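Have a look at entry-v4.cif below; it lists mmCIF, C-alpha atoms (C1' of nucleotides).
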data_run
loop_
_atom_site.label_atom_id
_atom_site.label_comp_id
_atom_site.auth_asym_id
_atom_site.auth_seq_id
_atom_site.Cartn_x
_atom_site.Cartn_y
_atom_site.Cartn_z
CA MET A 14 -26.28 -65.82 80.26
CA SER A 15 -25.70 -65.69 84.00
CA CYS A 16 -28.28 -66.34 86.69
CA LYS A 17 -29.38 -63.21 88.48
CA ILE A 18 -30.46 -63.92 92.03
CA HIS A 19 -31.48 -60.38 92.90
CA PRO A 20 -32.08 -58.52 89.67
CA GLU A 21 -33.70 -55.58 91.36
CA THR A 22 -30.69 -55.07 93.58
CA VAL A 23 -28.44 -54.77 90.58
CA GLU A 24 -30.81 -52.17 89.17
CA ARG A 25 -30.67 -50.10 92.33
CA GLN A 26 -26.92 -50.47 92.63
CA MET A 27 -26.58 -49.29 89.07
CA GLU A 28 -28.84 -46.35 89.74
CA ARG A 29 -26.59 -45.29 92.63
CA ASN A 30 -23.38 -46.04 90.78
CA TRP A 31 -24.06 -44.59 87.36
CA PRO A 32 -21.68 -41.71 86.64
CA GLU A 33 -22.86 -38.18 85.86
CA GLY A 34 -23.05 -37.20 82.24
CA ILE A 35 -22.72 -40.72 80.85
CA LYS A 36 -25.54 -41.62 78.53
CA LYS A 37 -27.42 -44.81 79.27
CA THR A 38 -27.32 -46.65 76.00
CA LYS A 39 -28.55 -50.22 75.81
CA GLN A 40 -25.01 -51.41 75.12
CA ARG A 41 -23.65 -49.76 78.25
CA LEU A 42 -26.53 -50.96 80.37
CA GLU A 43 -26.04 -54.53 79.25
CA ILE A 44 -22.31 -54.39 79.83
CA TYR A 45 -22.88 -52.96 83.28
CA HIS A 46 -25.23 -55.82 84.08
CA ILE A 47 -22.75 -58.42 82.94
CA LEU A 48 -20.07 -56.86 85.13
CA ALA A 49 -22.44 -56.61 88.07
CA ASP A 50 -23.44 -60.26 87.76
CA ALA A 51 -19.87 -61.49 87.42
CA ILE A 52 -18.25 -63.09 90.43
CA LYS A 53 -14.79 -62.48 89.02
CA PRO A 54 -13.07 -59.94 86.77
CA LEU A 55 -13.87 -60.43 83.09
CA THR A 56 -11.84 -59.90 79.95
CA ALA A 57 -13.20 -57.79 77.12
CA THR A 58 -13.59 -60.98 75.10
CA GLU A 59 -15.63 -62.67 77.81
CA ILE A 60 -17.95 -59.70 77.90
CA PHE A 61 -18.20 -59.67 74.13
CA GLU A 62 -19.08 -63.38 74.14
CA GLU A 63 -21.70 -62.84 76.81
CA LEU A 64 -23.32 -60.23 74.59
CA LYS A 65 -23.76 -62.56 71.62
CA ASN A 66 -27.02 -64.00 70.36
CA GLU A 67 -27.92 -67.64 70.92
CA ASP A 68 -26.73 -68.46 67.42
CA GLY A 69 -23.33 -66.98 68.24
CA SER A 70 -23.68 -63.88 66.10
CA PRO A 71 -22.39 -60.72 67.79
CA ARG A 72 -25.00 -58.18 68.81
CA TYR A 73 -22.56 -55.31 69.23
CA ALA A 74 -19.18 -54.28 67.92
CA PHE A 75 -16.05 -55.28 69.77
CA SER A 76 -14.89 -51.69 69.78
CA THR A 77 -18.06 -50.73 71.57
CA VAL A 78 -17.15 -53.08 74.39
CA TYR A 79 -13.68 -51.60 74.67
CA ARG A 80 -14.94 -48.05 74.49
CA CYS A 81 -17.60 -48.71 77.08
CA LEU A 82 -15.08 -50.25 79.46
CA GLN A 83 -12.80 -47.29 78.93
CA THR A 84 -15.65 -44.93 79.66
CA PHE A 85 -16.50 -46.77 82.86
CA GLU A 86 -12.87 -46.74 83.89
CA ASN A 87 -12.49 -43.02 83.26
CA ALA A 88 -15.67 -42.43 85.21
CA GLY A 89 -14.12 -44.31 88.10
CA ILE A 90 -16.63 -47.13 88.44
CA LEU A 91 -14.46 -49.79 86.86
CA THR A 92 -11.02 -51.19 87.63
CA LYS A 93 -8.83 -52.48 84.84
CA SER A 94 -6.07 -54.87 85.76
CA THR A 95 -3.88 -57.54 84.31
CA ALA A 96 -3.34 -60.79 86.14
CA VAL A 97 0.02 -62.46 86.39
CA THR A 98 -1.48 -65.55 84.87
CA SER A 99 -3.13 -64.00 81.84
CA GLU A 100 -1.96 -61.70 79.11
CA ASN A 101 -5.22 -59.85 78.80
CA ALA A 102 -6.72 -56.99 80.68
CA MET A 103 -9.53 -57.82 83.08
CA TYR A 104 -12.32 -55.57 84.20
CA GLU A 105 -14.23 -55.46 87.46
CA LEU A 106 -16.73 -53.01 88.85
CA ARG A 107 -15.22 -50.90 91.58
CA LEU A 108 -17.69 -51.50 94.36
CA ALA A 109 -17.35 -50.88 98.06
CA GLN A 110 -15.04 -53.78 98.80
CA HIS A 111 -12.24 -54.96 96.62
CA ARG A 112 -11.23 -58.54 96.14
CA HIS A 113 -8.11 -60.58 95.70
CA TYR A 114 -7.97 -64.01 94.13
CA ALA A 115 -6.27 -67.35 94.26
CA ILE A 116 -5.78 -68.41 90.67
CA CYS A 117 -5.34 -71.95 89.42
CA LEU A 118 -2.52 -72.11 86.90
CA LYS A 119 -4.12 -75.08 85.18
CA CYS A 120 -7.84 -74.37 84.85
CA LYS A 121 -7.41 -70.59 85.26
CA GLU A 122 -10.28 -70.51 87.72
CA ARG A 123 -10.19 -67.56 90.14
CA PHE A 124 -11.20 -68.07 93.76
CA PRO A 125 -11.92 -64.93 95.76
CA LEU A 126 -9.77 -64.74 98.88
CA ARG A 127 -11.09 -64.01 102.33
CA THR A 128 -10.84 -60.44 103.48
CA CYS A 129 -7.87 -58.37 102.48
CA PHE A 130 -5.34 -58.64 105.30
CA LEU A 131 -3.02 -55.99 104.01
CA GLY A 132 -3.63 -53.31 106.58
CA ASP A 133 -0.06 -52.26 106.96
CA LEU A 134 1.09 -51.53 103.47
CA LYS A 135 2.97 -48.42 104.56
CA ASN A 136 5.51 -50.58 106.36
CA MET A 137 6.41 -52.39 103.20
CA LEU A 138 7.50 -49.26 101.38
CA PRO A 139 11.22 -48.88 100.76
CA ALA A 140 13.36 -46.46 102.71
CA ASN A 141 12.95 -42.77 101.85
CA MET A 142 9.56 -43.55 100.40
CA ASP A 143 7.38 -42.43 103.27
CA GLU A 144 6.01 -39.79 100.95
CA PHE A 145 4.77 -42.40 98.47
CA GLN A 146 1.03 -41.85 98.23
CA ILE A 147 -0.62 -45.27 98.10
CA THR A 148 -3.79 -45.31 96.04
CA GLY A 149 -4.22 -49.03 95.58
CA HIS A 150 -2.70 -52.44 95.70
CA GLN A 151 -3.06 -55.83 94.16
CA LEU A 152 -2.42 -59.29 95.50
CA GLU A 153 -2.65 -62.60 93.75
CA ILE A 154 -1.97 -66.10 94.96
CA TYR A 155 -1.41 -68.74 92.36
CA GLY A 156 -0.98 -72.46 92.31
CA TYR A 157 -3.21 -75.46 91.73
CA CYS A 158 -6.80 -75.78 92.89
CA PRO A 159 -7.97 -78.96 94.66
CA LYS A 160 -9.54 -80.31 91.50
CA CYS A 161 -6.53 -79.84 89.23
CA ASN A 162 -4.14 -80.87 91.98
CA GLN A 163 -5.59 -84.38 92.21
CA LYS A 164 -4.95 -85.24 88.59
CA MET B 18 24.29 -50.19 78.58
CA SER B 19 23.97 -50.49 82.33
CA CYS B 20 26.75 -50.11 84.83
CA LYS B 21 27.93 -53.40 86.27
CA ILE B 22 29.33 -53.00 89.74
CA HIS B 23 30.44 -56.59 90.18
CA PRO B 24 30.73 -58.08 86.72
CA GLU B 25 32.51 -61.18 87.93
CA THR B 26 29.71 -61.95 90.36
CA VAL B 27 27.17 -61.94 87.57
CA GLU B 28 29.36 -64.37 85.66
CA ARG B 29 29.50 -66.76 88.58
CA GLN B 30 25.81 -66.42 89.31
CA MET B 31 25.11 -67.22 85.69
CA GLU B 32 27.40 -70.21 85.82
CA ARG B 33 25.45 -71.59 88.79
CA ASN B 34 22.09 -70.65 87.37
CA TRP B 35 22.40 -71.75 83.77
CA PRO B 36 19.95 -74.55 83.01
CA GLU B 37 21.01 -77.97 81.76
CA GLY B 38 20.81 -78.61 78.05
CA ILE B 39 20.41 -74.97 77.06
CA LYS B 40 23.03 -73.83 74.59
CA LYS B 41 24.97 -70.72 75.47
CA THR B 42 24.57 -68.55 72.43
CA LYS B 43 25.79 -64.96 72.47
CA GLN B 44 22.20 -63.74 72.22
CA ARG B 45 21.15 -65.69 75.30
CA LEU B 46 24.23 -64.70 77.25
CA GLU B 47 23.65 -61.04 76.52
CA ILE B 48 20.01 -61.24 77.45
CA TYR B 49 20.89 -63.01 80.67
CA HIS B 50 23.31 -60.24 81.53
CA ILE B 51 20.75 -57.56 80.89
CA LEU B 52 18.29 -59.32 83.17
CA ALA B 53 20.93 -59.85 85.82
CA ASP B 54 21.92 -56.19 85.79
CA ALA B 55 18.35 -54.95 85.91
CA ILE B 56 17.03 -53.66 89.19
CA LYS B 57 13.45 -54.13 88.07
CA PRO B 58 11.50 -56.45 85.75
CA LEU B 59 11.93 -55.58 82.09
CA THR B 60 9.61 -55.79 79.13
CA ALA B 61 10.66 -57.59 75.96
CA THR B 62 10.88 -54.22 74.26
CA GLU B 63 13.18 -52.81 76.90
CA ILE B 64 15.50 -55.77 76.49
CA PHE B 65 15.37 -55.42 72.71
CA GLU B 66 16.28 -51.73 73.02
CA GLU B 67 19.14 -52.52 75.35
CA LEU B 68 20.53 -54.90 72.75
CA LYS B 69 20.70 -52.29 70.00
CA ASN B 70 23.85 -50.74 68.58
CA GLU B 71 24.82 -47.16 69.39
CA ASP B 72 23.32 -46.01 66.12
CA GLY B 73 20.00 -47.57 67.10
CA SER B 74 20.11 -50.45 64.67
CA PRO B 75 18.96 -53.74 66.15
CA ARG B 76 21.64 -56.38 66.66
CA TYR B 77 19.23 -59.29 67.03
CA ALA B 78 15.73 -60.15 65.95
CA PHE B 79 12.80 -59.36 68.19
CA SER B 80 11.62 -62.92 67.93
CA THR B 81 14.94 -64.07 69.32
CA VAL B 82 14.33 -62.01 72.43
CA TYR B 83 10.88 -63.51 72.91
CA ARG B 84 12.10 -67.03 72.25
CA CYS B 85 14.99 -66.64 74.62
CA LEU B 86 12.74 -65.33 77.38
CA GLN B 87 10.40 -68.23 76.78
CA THR B 88 13.29 -70.65 76.99
CA PHE B 89 14.46 -69.14 80.27
CA GLU B 90 10.95 -69.27 81.63
CA ASN B 91 10.47 -72.92 80.69
CA ALA B 92 13.83 -73.69 82.24
CA GLY B 93 12.59 -72.11 85.45
CA ILE B 94 15.14 -69.33 85.82
CA LEU B 95 12.83 -66.54 84.72
CA THR B 96 9.50 -65.24 85.96
CA LYS B 97 7.07 -63.68 83.53
CA SER B 98 4.41 -61.42 84.95
CA THR B 99 2.10 -58.62 84.00
CA ALA B 100 1.74 -55.60 86.19
CA VAL B 101 -1.57 -53.96 86.93
CA THR B 102 -0.19 -50.75 85.55
CA SER B 103 1.12 -52.01 82.24
CA GLU B 104 -0.31 -54.00 79.39
CA ASN B 105 2.90 -55.76 78.60
CA ALA B 106 4.58 -58.79 80.07
CA MET B 107 7.61 -58.18 82.25
CA TYR B 108 10.47 -60.53 82.86
CA GLU B 109 12.69 -60.96 85.90
CA LEU B 110 15.32 -63.54 86.79
CA ARG B 111 14.08 -65.93 89.42
CA LEU B 112 16.83 -65.62 91.98
CA ALA B 113 16.88 -66.70 95.59
CA GLN B 114 14.65 -63.96 96.87
CA HIS B 115 11.66 -62.54 95.08
CA ARG B 116 10.60 -58.94 95.06
CA HIS B 117 7.47 -56.89 95.14
CA TYR B 118 7.18 -53.32 93.98
CA ALA B 119 5.52 -50.02 94.66
CA ILE B 120 4.69 -48.57 91.27
CA CYS B 121 4.16 -44.92 90.48
CA LEU B 122 1.11 -44.48 88.29
CA LYS B 123 2.57 -41.34 86.75
CA CYS B 124 6.22 -41.98 85.98
CA LYS B 125 5.79 -45.78 86.01
CA GLU B 126 8.91 -46.11 88.15
CA ARG B 127 9.03 -49.33 90.21
CA PHE B 128 10.38 -49.21 93.75
CA PRO B 129 11.28 -52.56 95.31
CA LEU B 130 9.45 -53.12 98.57
CA ARG B 131 11.08 -54.22 101.78
CA THR B 132 10.92 -57.91 102.54
CA CYS B 133 7.85 -59.84 101.60
CA PHE B 134 5.63 -59.93 104.65
CA LEU B 135 3.18 -62.43 103.32
CA GLY B 136 3.95 -65.36 105.54
CA ASP B 137 0.41 -66.33 106.17
CA LEU B 138 -1.02 -66.78 102.71
CA LYS B 139 -2.77 -70.03 103.64
CA ASN B 140 -5.11 -68.13 105.91
CA MET B 141 -6.31 -65.98 103.06
CA LEU B 142 -7.59 -68.88 101.01
CA PRO B 143 -11.35 -69.19 100.71
CA ALA B 144 -13.31 -71.84 102.59
CA ASN B 145 -12.99 -75.41 101.28
CA MET B 146 -9.75 -74.44 99.59
CA ASP B 147 -7.32 -75.87 102.11
CA GLU B 148 -6.18 -78.22 99.38
CA PHE B 149 -5.17 -75.35 97.12
CA GLN B 150 -1.47 -75.83 96.45
CA ILE B 151 0.17 -72.43 96.54
CA THR B 152 3.12 -72.11 94.19
CA GLY B 153 3.52 -68.37 94.11
CA HIS B 154 2.04 -65.00 94.76
CA GLN B 155 2.28 -61.46 93.60
CA LEU B 156 1.79 -58.18 95.34
CA GLU B 157 1.84 -54.68 93.97
CA ILE B 158 1.32 -51.38 95.63
CA TYR B 159 0.53 -48.45 93.41
CA GLY B 160 0.11 -44.75 93.83
CA TYR B 161 2.30 -41.69 93.36
CA CYS B 162 5.97 -41.49 94.19
CA PRO B 163 7.32 -38.52 96.19
CA LYS B 164 8.61 -36.81 93.06
CA CYS B 165 5.37 -37.03 91.09
CA ASN B 166 3.27 -36.34 94.13
CA GLN B 167 4.76 -32.88 94.63
CA LYS B 168 3.79 -31.61 91.22
"C1'" DT C 11 27.93 -83.44 62.05
"C1'" DT C 12 23.64 -82.57 63.80
"C1'" DG C 13 20.03 -80.84 66.33
"C1'" DG C 14 18.96 -76.86 68.45
"C1'" DT C 15 18.95 -71.65 67.54
"C1'" DT C 16 18.57 -67.55 64.80
"C1'" DG C 17 16.72 -64.14 61.44
"C1'" DC C 18 13.31 -62.73 58.58
"C1'" DA C 19 8.76 -62.19 57.28
"C1'" DA C 20 4.24 -63.21 57.91
"C1'" DA C 21 0.43 -64.47 60.96
"C1'" DA C 22 -2.11 -64.23 65.08
"C1'" DT C 23 -3.71 -61.92 68.90
"C1'" DG C 24 -5.59 -57.94 71.71
"C1'" DT C 25 -6.62 -53.19 71.57
"C1'" DT C 26 -7.31 -48.54 69.54
"C1'" DT C 27 -8.88 -45.14 66.15
"C1'" DG C 28 -11.26 -42.49 62.06
"C1'" DC C 29 -15.32 -41.60 60.12
"C1'" DA C 30 -20.09 -41.84 58.71
"C1'" DT C 31 -24.46 -43.30 60.67
"C1'" DG C 32 -27.50 -43.58 64.37
"C1'" DA C 33 -29.44 -42.93 69.13
"C1'" DC C 34 -29.96 -40.59 73.69
"C1'" DC C 35 -31.23 -36.40 76.27
"C1'" DG D 28 -31.78 -31.03 67.12
"C1'" DG D 29 -27.39 -31.30 68.76
"C1'" DT D 30 -24.15 -34.01 70.78
"C1'" DC D 31 -22.32 -37.97 71.94
"C1'" DA D 32 -22.18 -43.22 71.06
"C1'" DT D 33 -22.09 -46.87 67.79
"C1'" DG D 34 -20.56 -49.93 63.93
"C1'" DC D 35 -17.46 -51.00 60.64
"C1'" DA D 36 -13.02 -51.44 58.91
"C1'" DA D 37 -8.56 -50.41 59.10
"C1'" DA D 38 -4.51 -49.31 61.97
"C1'" DC D 39 -1.59 -50.50 65.73
"C1'" DA D 40 1.23 -52.95 69.16
"C1'" DT D 41 2.66 -57.05 71.14
"C1'" DT D 42 3.64 -61.71 70.76
"C1'" DT D 43 3.92 -66.12 68.10
"C1'" DT D 44 5.13 -69.12 64.24
"C1'" DG D 45 7.14 -71.30 59.71
"C1'" DC D 46 11.08 -72.03 57.37
"C1'" DA D 47 15.74 -71.76 55.59
"C1'" DA D 48 20.39 -70.68 57.07
"C1'" DC D 49 23.47 -71.00 60.83
"C1'" DC D 50 26.14 -72.22 64.89
"C1'" DA D 51 27.30 -74.41 69.52
"C1'" DA D 52 28.34 -78.87 71.31
#

Written form, structure tokens:
Amino acid sequence: MSCKIHPETVERQMERNWPEGIKKTKQRLEIYHILADAIKPLTATEIFEELKNEDGSPRYAFSTVYRCLQTFENAGILTKSTAVTSENAMYELRLAQHRHYAICLKCKERFPLRTCFLGDLKNMLPANMDEFQITGHQLEIYGYCPKCNQK
Amino acid sequence: MSCKIHPETVERQMERNWPEGIKKTKQRLEIYHILADAIKPLTATEIFEELKNEDGSPRYAFSTVYRCLQTFENAGILTKSTAVTSENAMYELRLAQHRHYAICLKCKERFPLRTCFLGDLKNMLPANMDEFQITGHQLEIYGYCPKCNQK
DNA sequence: TTGGTTGCAAAATGTTTGCATGACC
DNA sequence: GGTCATGCAAACATTTTGCAACCAA
């Protein structure tokens, strides 16, 4: 269970963000909250774990998690991506600003980078590709974090 | 089977590149060639397909492909990565220069970008992360290529 | 010869799907 | 009440592993 500093803000954000025609079931609401509280993209498994009871018994089906994430993605409020350093898909709410991360290859911790400096993506396109319509980009830095580096 | 423009160059490159203590089996040599000829990162399945006979029957085991790729990666001559736009791992020889790609979300084609402009990665690290030891990075641009964009 | 490599099959993921039951609007 | 979402189990795809047979050095 994560520590919510401004629970009411999450509620309002959700109110604004919630897609048309998507039913608010308790499963979806809980998953939204977990994503909203997260400071980094989560895997489906991490979300599933977060949803468990104290005794470790699952409260919802795994397929529900996947289907919910898929629904959010189709509705455009969620971004699915796969990191270089992990096999599994990761999910992150698509809020106003997007983030990039520095990822430690040892402890797998993800550190959000400062602002995205990639203003001039167009220039990086290959020749004869001026017509390429850019809809997104992804950047990852990897290496070893200060903690793991010392050992 | 892909068209080799300078077959002898690949041979020499392989000679230089081949890691110490790794036996040159025909499976590994063939897989190396496929990777060397590729103009984009390949999935294990793509490599496996490339290795098939004309009649579509597999010449080698799938596990051999995976084990070979793993061997190359451990030896440091291969980079394994997962693209935002695909679930599966992709493999690319780690040659002198590395590449980034613009990826079409529709046809999945990968267009190599011009040079990597990311000289100043250090500046993008979060506060208190000066000690983060950067060993690599990845950048992807995605959107729609000219061909798919027109439709 | 001998230890590393392969092939096969089976296991271990991670993810998706079909169908009956159940819950939101 | 009707439609859409859920749970369960089973299917699926990708990747990994155990073990006997095999081959490069």

Within 10 Å of Glu109 of chain B, counting all atoms listed in the file, which residues show up once you throw out same-chain ones fewer than 6 positions away? Write them as JSON, numbers by chain, please.
{"B": [49, 52, 53, 55, 56, 57, 58, 59, 60, 86, 90, 94, 95, 96, 97, 98, 115, 116]}

With chain C as the partner and 8 Å as the cut-off, tabulate the residues of chain A that qualify, each row holding the nearest pair of atoms and their distance in Å to one decimal, using only C-alpha atoms (C1' of nucleotides), sorted by chain and rising number, as a Markdown table.
| residue | atom | partner | partner_atom | distance |
| --- | --- | --- | --- | --- |
| A:Lys36 | CA | C:DC34 | C1' | 6.6 |
| A:Lys37 | CA | C:DC34 | C1' | 7.4 |
| A:Thr38 | CA | C:DC34 | C1' | 7.0 |
| A:Tyr79 | CA | C:DT25 | C1' | 7.9 |
| A:Asn101 | CA | C:DG24 | C1' | 7.4 |

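Taken over the whole file, the PyMOL selection byres ((chain A and resi 30-32) around 10) covers exactly Glu24, Arg25, Gln26, Met27, Glu28, Arg29, Glu33, Gly34, Ile35, Lys36, Lys37, Leu42, Tyr45, Thr84, Phe85, Asn87, Ala88, Gly89, Ile90, Leu106, Arg107 and Leu108 of chain A.
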
Reference chain B, mobile chain A, all Cα atoms fitted, written as a short mmCIF file (atom, residue, chain, number, x, y, z; two decimals) with C-alpha atoms, in the frame of the given file:
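Result file is selection-v6.cif:
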data_model
loop_
_atom_site.label_atom_id
_atom_site.label_comp_id
_atom_site.auth_asym_id
_atom_site.auth_seq_id
_atom_site.Cartn_x
_atom_site.Cartn_y
_atom_site.Cartn_z
CA MET A 14 24.07 -49.91 78.71
CA SER A 15 23.85 -50.44 82.45
CA CYS A 16 26.68 -50.07 84.94
CA LYS A 17 27.93 -53.37 86.27
CA ILE A 18 29.35 -53.04 89.76
CA HIS A 19 30.43 -56.64 90.14
CA PRO A 20 30.71 -58.15 86.69
CA GLU A 21 32.47 -61.24 87.89
CA THR A 22 29.68 -62.00 90.32
CA VAL A 23 27.15 -61.99 87.54
CA GLU A 24 29.36 -64.41 85.63
CA ARG A 25 29.52 -66.81 88.55
CA GLN A 26 25.82 -66.49 89.25
CA MET A 27 25.13 -67.29 85.63
CA GLU A 28 27.43 -70.27 85.77
CA ARG A 29 25.46 -71.64 88.73
CA ASN A 30 22.09 -70.72 87.29
CA TRP A 31 22.43 -71.79 83.68
CA PRO A 32 19.98 -74.59 82.89
CA GLU A 33 21.06 -78.01 81.63
CA GLY A 34 20.90 -78.60 77.92
CA ILE A 35 20.46 -74.95 76.95
CA LYS A 36 23.04 -73.79 74.48
CA LYS A 37 25.00 -70.69 75.38
CA THR A 38 24.60 -68.51 72.35
CA LYS A 39 25.82 -64.93 72.42
CA GLN A 40 22.24 -63.70 72.21
CA ARG A 41 21.18 -65.68 75.26
CA LEU A 42 24.25 -64.70 77.21
CA GLU A 43 23.68 -61.03 76.53
CA ILE A 44 20.02 -61.25 77.44
CA TYR A 45 20.91 -63.04 80.65
CA HIS A 46 23.34 -60.27 81.52
CA ILE A 47 20.78 -57.57 80.91
CA LEU A 48 18.31 -59.37 83.17
CA ALA A 49 20.95 -59.92 85.82
CA ASP A 50 21.93 -56.26 85.81
CA ALA A 51 18.35 -55.02 85.95
CA ILE A 52 17.04 -53.76 89.25
CA LYS A 53 13.46 -54.23 88.13
CA PRO A 54 11.52 -56.52 85.79
CA LEU A 55 11.96 -55.64 82.13
CA THR A 56 9.64 -55.84 79.16
CA ALA A 57 10.71 -57.63 76.00
CA THR A 58 10.92 -54.24 74.30
CA GLU A 59 13.22 -52.84 76.97
CA ILE A 60 15.52 -55.79 76.52
CA PHE A 61 15.41 -55.41 72.76
CA GLU A 62 16.30 -51.72 73.08
CA GLU A 63 19.17 -52.53 75.42
CA LEU A 64 20.55 -54.88 72.79
CA LYS A 65 20.72 -52.24 70.05
CA ASN A 66 23.85 -50.66 68.65
CA GLU A 67 24.82 -47.09 69.51
CA ASP A 68 23.30 -45.91 66.24
CA GLY A 69 19.99 -47.49 67.22
CA SER A 70 20.11 -50.34 64.74
CA PRO A 71 18.98 -53.67 66.20
CA ARG A 72 21.66 -56.29 66.69
CA TYR A 73 19.26 -59.20 67.03
CA ALA A 74 15.76 -60.10 65.95
CA PHE A 75 12.83 -59.32 68.18
CA SER A 76 11.66 -62.90 67.92
CA THR A 77 14.98 -64.03 69.29
CA VAL A 78 14.35 -62.00 72.42
CA TYR A 79 10.92 -63.52 72.87
CA ARG A 80 12.14 -67.02 72.19
CA CYS A 81 15.04 -66.63 74.57
CA LEU A 82 12.77 -65.36 77.33
CA GLN A 83 10.43 -68.26 76.71
CA THR A 84 13.33 -70.67 76.90
CA PHE A 85 14.49 -69.18 80.19
CA GLU A 86 10.97 -69.34 81.55
CA ASN A 87 10.52 -72.97 80.56
CA ALA A 88 13.87 -73.75 82.13
CA GLY A 89 12.61 -72.20 85.34
CA ILE A 90 15.15 -69.42 85.73
CA LEU A 91 12.86 -66.62 84.66
CA THR A 92 9.51 -65.33 85.90
CA LYS A 93 7.07 -63.76 83.49
CA SER A 94 4.43 -61.49 84.92
CA THR A 95 2.12 -58.69 83.98
CA ALA A 96 1.77 -55.66 86.19
CA VAL A 97 -1.54 -54.04 86.94
CA THR A 98 -0.17 -50.80 85.62
CA SER A 99 1.17 -52.01 82.30
CA GLU A 100 -0.27 -54.01 79.47
CA ASN A 101 2.94 -55.80 78.65
CA ALA A 102 4.60 -58.84 80.06
CA MET A 103 7.63 -58.25 82.25
CA TYR A 104 10.50 -60.60 82.85
CA GLU A 105 12.71 -61.04 85.88
CA LEU A 106 15.32 -63.62 86.76
CA ARG A 107 14.07 -66.01 89.38
CA LEU A 108 16.80 -65.70 91.96
CA ALA A 109 16.81 -66.72 95.59
CA GLN A 110 14.60 -63.92 96.85
CA HIS A 111 11.61 -62.53 95.09
CA ARG A 112 10.58 -58.93 95.09
CA HIS A 113 7.44 -56.87 95.17
CA TYR A 114 7.17 -53.29 94.00
CA ALA A 115 5.50 -49.99 94.65
CA ILE A 116 4.68 -48.56 91.26
CA CYS A 117 4.14 -44.91 90.44
CA LEU A 118 1.09 -44.49 88.23
CA LYS A 119 2.53 -41.35 86.70
CA CYS A 120 6.20 -42.00 85.94
CA LYS A 121 5.79 -45.80 85.98
CA GLU A 122 8.88 -46.13 88.13
CA ARG A 123 9.01 -49.32 90.22
CA PHE A 124 10.37 -49.20 93.76
CA PRO A 125 11.26 -52.53 95.33
CA LEU A 126 9.42 -53.06 98.61
CA ARG A 127 11.06 -54.15 101.82
CA THR A 128 10.90 -57.82 102.60
CA CYS A 129 7.84 -59.79 101.67
CA PHE A 130 5.59 -59.84 104.73
CA LEU A 131 3.15 -62.35 103.39
CA GLY A 132 3.99 -65.28 105.59
CA ASP A 133 0.46 -66.39 106.20
CA LEU A 134 -1.02 -66.74 102.78
CA LYS A 135 -2.80 -69.96 103.70
CA ASN A 136 -5.15 -68.02 105.96
CA MET A 137 -6.34 -65.89 103.11
CA LEU A 138 -7.61 -68.81 101.08
CA PRO A 139 -11.38 -69.14 100.78
CA ALA A 140 -13.33 -71.77 102.66
CA ASN A 141 -13.02 -75.34 101.38
CA MET A 142 -9.79 -74.39 99.70
CA ASP A 143 -7.35 -75.80 102.21
CA GLU A 144 -6.22 -78.17 99.50
CA PHE A 145 -5.21 -75.31 97.21
CA GLN A 146 -1.51 -75.81 96.55
CA ILE A 147 0.14 -72.39 96.63
CA THR A 148 3.09 -72.11 94.29
CA GLY A 149 3.50 -68.36 94.19
CA HIS A 150 2.01 -64.99 94.82
CA GLN A 151 2.24 -61.45 93.63
CA LEU A 152 1.75 -58.16 95.38
CA GLU A 153 1.83 -54.68 93.98
CA ILE A 154 1.28 -51.33 95.62
CA TYR A 155 0.49 -48.43 93.38
CA GLY A 156 0.08 -44.73 93.77
CA TYR A 157 2.26 -41.67 93.31
CA CYS A 158 5.94 -41.46 94.14
CA PRO A 159 7.29 -38.48 96.12
CA LYS A 160 8.56 -36.79 92.99
CA CYS A 161 5.34 -37.03 90.98
CA ASN A 162 3.23 -36.32 94.04
CA GLN A 163 4.72 -32.84 94.51
CA LYS A 164 3.74 -31.61 91.08
#

Can you translate the PyMOL selection byres ((chain A) within 8 of (chain D)) into the concrete residues it hits in this file, as a PyMOL selection string?
chain A and resi 38+73-74+77

Include C-alpha atoms and write out the residues we just selected as a JSON list (two decimals), keeping the file's coordinate frame.
[["chain", "number", "residue", "atom", "x", "y", "z"],
["A", 38, "THR", "CA", -27.32, -46.65, 76.00],
["A", 73, "TYR", "CA", -22.56, -55.31, 69.23],
["A", 74, "ALA", "CA", -19.18, -54.28, 67.92],
["A", 77, "THR", "CA", -18.06, -50.73, 71.57]]

Using all atoms listed in the file and a cut-off of 7 Å, which residues of chain A sit close to chain B? Please list them as a short mmCIF file (atom, residue, chain, number, x, y, z; two decimals) with C-alpha atoms, keeping the file's coordinate frame.
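File produced: result-v1.cif:
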data_model
loop_
_atom_site.label_atom_id
_atom_site.label_comp_id
_atom_site.auth_asym_id
_atom_site.auth_seq_id
_atom_site.Cartn_x
_atom_site.Cartn_y
_atom_site.Cartn_z
CA SER A 94 -6.07 -54.87 85.76
CA THR A 95 -3.88 -57.54 84.31
CA ALA A 96 -3.34 -60.79 86.14
CA VAL A 97 0.02 -62.46 86.39
CA PRO A 125 -11.92 -64.93 95.76
CA LEU A 126 -9.77 -64.74 98.88
CA ARG A 127 -11.09 -64.01 102.33
CA MET A 137 6.41 -52.39 103.20
CA LEU A 138 7.50 -49.26 101.38
CA PRO A 139 11.22 -48.88 100.76
CA MET A 142 9.56 -43.55 100.40
CA GLU A 144 6.01 -39.79 100.95
CA PHE A 145 4.77 -42.40 98.47
CA GLN A 146 1.03 -41.85 98.23
CA ILE A 147 -0.62 -45.27 98.10
CA THR A 148 -3.79 -45.31 96.04
CA GLY A 149 -4.22 -49.03 95.58
CA HIS A 150 -2.70 -52.44 95.70
CA GLN A 151 -3.06 -55.83 94.16
CA LEU A 152 -2.42 -59.29 95.50
CA GLU A 153 -2.65 -62.60 93.75
CA ILE A 154 -1.97 -66.10 94.96
CA TYR A 155 -1.41 -68.74 92.36
CA GLY A 156 -0.98 -72.46 92.31
CA TYR A 157 -3.21 -75.46 91.73
CA CYS A 158 -6.80 -75.78 92.89
CA PRO A 159 -7.97 -78.96 94.66
#
